[in-house]
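Presented below is the structure to which this report refers.
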Amino acid sequence: MRLFIAMALAAFSGAAHGEVNCATVIGSYKDCGANNYYILPPQEYIRSYPGKIIENTAEDMQHMAFVCAPNPMAAVSLGCATPYVHSSGEKRCYIWFAPDWYLNSKKVTIDAVRKHEIAHCLGWPQTHPR
């Protein structure tokens, strides 16, 4: 089962291509991470994942729609995650991030998206209850 970030940030204006990349620069610029609060999970889900985390970044938003399908909001998601138990018994969390320019346009850091997606792998429901 794939889990997705709902696009609660769709209404927020963002930076254009070529501006400061909030996805990789945390806390160094005024706008970086300004909207992190909206996507962070409840405190009980902000903890280490007891397994292996495999991270990938989509090439573009079309690629994001493909890797995060079948969710109809996948093409505008900040990230998605798939929890999986390997045949060896090892827990794994596969995470896909939207491209850096897209995270930047929504003023969120990759760290906030990572916390959000790991929370889904830890059992936080897709409905995002607080």
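By convention in this document, the chains of the structure tokens carry letters A, B, ... by their order, each chain's residues are numbered from 1, and ligands are numbered from 1 in the order they are shown.
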Practice problem: Mind checking which residues fall within 10 Å of Thr57 (chain A), counting only C-alpha atoms, ignoring those fewer than 5 positions away in the same chain, and posting them as a list in words? | Solution: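 The neighbour list is His63, Met64, Val67, Gly79, Ile95, Trp96, Phe97, Ala98, Pro99 and Asp100 of chain A.
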With a distance cut-off of 6 Å and only C-alpha atoms, select the neighbouring residues of Lys107 (chain A), excluding the residue or stretch itself and same-chain residues fewer than 4 positions from it, and output the selection as a PDB file with C-alpha atoms, in the first residue's frame.
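Generated output (out22.pdb):
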```pdb
ATOM      1  CA  CYS A  32      13.069  27.744   3.712  1.00  0.00           C
ATOM      2  CA  GLY A  33      10.801  25.419   5.590  1.00  0.00           C
ATOM      3  CA  ALA A  34       8.159  28.092   6.189  1.00  0.00           C
ATOM      4  CA  ASN A  35       5.423  25.512   5.547  1.00  0.00           C
TER       5      ASN A  35
END
```
Quiz prompt | Which residue of A:Ala74, A:Val113, A:Cys121, A:Thr127 approaches Tyr37 (chain A) most closely, using only C-alpha atoms | solution =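 Of the candidates, the smallest distance to Tyr37 (chain A) is held by A:Val113.
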Quiz item: So which bits of region 21-116 of chain A end up strand (DSSP E or B) when you DSSP the backbone, as an NGL selection string?
Solution: :A and (52-57 or 79-85 or 91-97)
Quiz item: Of the candidates A:Glu55, A:Cys93, A:Asp111, A:Cys80, which shows the shortest atom-to-atom distance to Cys68 (chain A), using only C-alpha atoms?
Solution: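 Between A:Glu55, A:Cys93, A:Asp111, A:Cys80, the residue approaching Cys68 (chain A) most closely is A:Cys80.
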Quiz item: To one decimal place, how far is CA of Pro41 (chain A) from CA of Leu122 (chain A) in Å?
Solution: 10.8 Å
Quiz item: Quick one: of A:Gly89, A:Pro83, A:Leu78, A:Asn56, who's nearest to Asn104 (chain A), counting only C-alpha atoms?
Solution: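 For Asn104 (chain A), the nearest of the given residues is A:Leu78.
In this comparison, which uses only C-alpha atoms, the residue of A:Val85, A:Ala112, A:Ala119, A:Val76 approaching Gly51 (chain A) most closely is A:Val85.
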Quiz item: Which is closest to Ile118 (chain A) among A:Tyr84, A:Phe66, A:Tyr49, A:Trp101, if we use only C-alpha atoms?
Solution: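 Residue with the minimum atom-to-atom distance to Ile118 (chain A): A:Tyr49.
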Exercise. Report the residues of region 35-80 of chain A whose backbone DSSP state falls under alpha helix (DSSP H), written as a count of residues only.
Key: 11
Self-check item: Pairwise distance for CA of Gln62 (chain A) and CA of Ala75 (chain A), rounded to one decimal in Å
Solution: 6.3 Å
